[in-house]
Amino acid sequence: MSAALDFASALLLAVGALFTLAGGIGLLRLPDVFTRLHGAGITDTLGAGAILLGLALAAGWSLLLGKLLALLAILALLNPSASHALARAAIHGIRRPWLGEPEN
């Protein structure tokens, strides 16, 4: 594999790791279920997508490339749909969106 592909693969893996780390921090720091879903859903989709693209670049032209791209397509379709379904279930349950702290 060429040095350019190695660099692009490493860059995508690092970007994916940073997005995934940001999603994990968002789960800990954000105040309610809706903001946590927003933080985790977007960053996990982007983070896992970048990691899968980095792995696909490292895999080269093989059967593994097709499997990684299929997994990326499934992830891109299901992760936002699952976040939306969880948010709708929470809004129809007892959860209400956080409106911030009242001002004095």
# chains A, B, ... in the order shown; residues from 1 in each chain; ligands from 1
$ residues_around --residues "Asp6 (chain A)" --least-positions-apart "2" --cutoff "12 Å" --atoms "only C-alpha atoms" --output "ChimeraX atom specification"
/A:1-4,8-13,54-60
$ select_by_dssp --residues "chain A" --states "alpha helix (DSSP H)" --output "count of residues only"
84
$ closest_residue --among "A:Ala90, A:Leu52, A:Ile42, A:Ala17" --to "Leu71 (chain A)" --atoms "only C-alpha atoms"
A:Leu52
$ residues_around --residues "Thr43 (chain A)" --least-positions-apart "6" --cutoff "6 Å" --atoms "only C-alpha atoms" --output "PyMOL selection string"
chain A and resi 19-20+23
$ write_last_selection --atoms "C-alpha atoms" --output "PDB file, in the first residue's frame"
ATOM      1  CA  PHE A  19     -15.793  11.735  16.986  1.00  0.00           C
ATOM      2  CA  THR A  20     -16.487   8.610  19.010  1.00  0.00           C
ATOM      3  CA  GLY A  23     -19.959  11.168  21.591  1.00  0.00           C
TER       4      GLY A  23
END
$ atom_distance --atom1 "CA of Arg29 (chain A)" --atom2 "CA of Gly16 (chain A)"
19.9 Å
$ residues_around --residues "region 91-97 of chain A" --least-positions-apart "2" --cutoff "10 Å" --atoms "only C-alpha atoms" --output "PDB file with N, CA and C atoms, in the first residue's frame"
ATOM      1  N   PRO A  31     -27.496  17.148  29.514  1.00  0.00           N
ATOM      2  CA  PRO A  31     -28.428  17.072  30.639  1.00  0.00           C
ATOM      3  C   PRO A  31     -29.600  16.101  30.514  1.00  0.00           C
ATOM      4  N   ASP A  32     -30.145  15.874  29.331  1.00  0.00           N
ATOM      5  CA  ASP A  32     -31.322  15.007  29.259  1.00  0.00           C
ATOM      6  C   ASP A  32     -31.204  14.025  28.102  1.00  0.00           C
ATOM      7  N   VAL A  33     -32.221  13.182  27.976  1.00  0.00           N
ATOM      8  CA  VAL A  33     -32.171  12.094  26.996  1.00  0.00           C
ATOM      9  C   VAL A  33     -32.142  12.611  25.564  1.00  0.00           C
ATOM     10  N   PHE A  34     -32.775  13.722  25.282  1.00  0.00           N
ATOM     11  CA  PHE A  34     -32.850  14.224  23.914  1.00  0.00           C
ATOM     12  C   PHE A  34     -31.523  14.821  23.450  1.00  0.00           C
ATOM     13  N   THR A  35     -30.891  15.599  24.305  1.00  0.00           N
ATOM     14  CA  THR A  35     -29.592  16.134  23.929  1.00  0.00           C
ATOM     15  C   THR A  35     -28.537  15.044  23.891  1.00  0.00           C
ATOM     16  N   ALA A  85     -36.161   6.815  16.598  1.00  0.00           N
ATOM     17  CA  ALA A  85     -37.141   5.966  17.283  1.00  0.00           C
ATOM     18  C   ALA A  85     -37.026   6.097  18.803  1.00  0.00           C
ATOM     19  N   LEU A  86     -35.809   6.170  19.313  1.00  0.00           N
ATOM     20  CA  LEU A  86     -35.626   6.355  20.750  1.00  0.00           C
ATOM     21  C   LEU A  86     -36.158   7.711  21.215  1.00  0.00           C
ATOM     22  N   ALA A  87     -35.943   8.749  20.427  1.00  0.00           N
ATOM     23  CA  ALA A  87     -36.447  10.070  20.789  1.00  0.00           C
ATOM     24  C   ALA A  87     -37.969  10.105  20.771  1.00  0.00           C
ATOM     25  N   ARG A  88     -38.574   9.466  19.781  1.00  0.00           N
ATOM     26  CA  ARG A  88     -40.042   9.429  19.747  1.00  0.00           C
ATOM     27  C   ARG A  88     -40.615   8.624  20.896  1.00  0.00           C
ATOM     28  N   ALA A  89     -39.944   7.528  21.249  1.00  0.00           N
ATOM     29  CA  ALA A  89     -40.401   6.743  22.391  1.00  0.00           C
ATOM     30  C   ALA A  89     -40.277   7.547  23.683  1.00  0.00           C
ATOM     31  N   LEU A  99     -35.428  22.418  29.121  1.00  0.00           N
ATOM     32  CA  LEU A  99     -35.585  23.778  28.624  1.00  0.00           C
ATOM     33  C   LEU A  99     -34.570  24.740  29.227  1.00  0.00           C
ATOM     34  N   GLY A 100     -33.626  24.217  29.927  1.00  0.00           N
ATOM     35  CA  GLY A 100     -32.596  25.060  30.531  1.00  0.00           C
ATOM     36  C   GLY A 100     -32.985  25.459  31.942  1.00  0.00           C
TER      37      GLY A 100
END
$ atom_distance --atom1 "CA of Asp44 (chain A)" --atom2 "CA of Leu68 (chain A)"
16.3 Å
$ closest_residue --among "A:Leu28, A:Leu18, A:Leu53, A:Leu5" --to "Ala73 (chain A)" --atoms "only C-alpha atoms"
A:Leu53
$ atom_distance --atom1 "CA of Val15 (chain A)" --atom2 "CA of Gly47 (chain A)"
7.0 Å
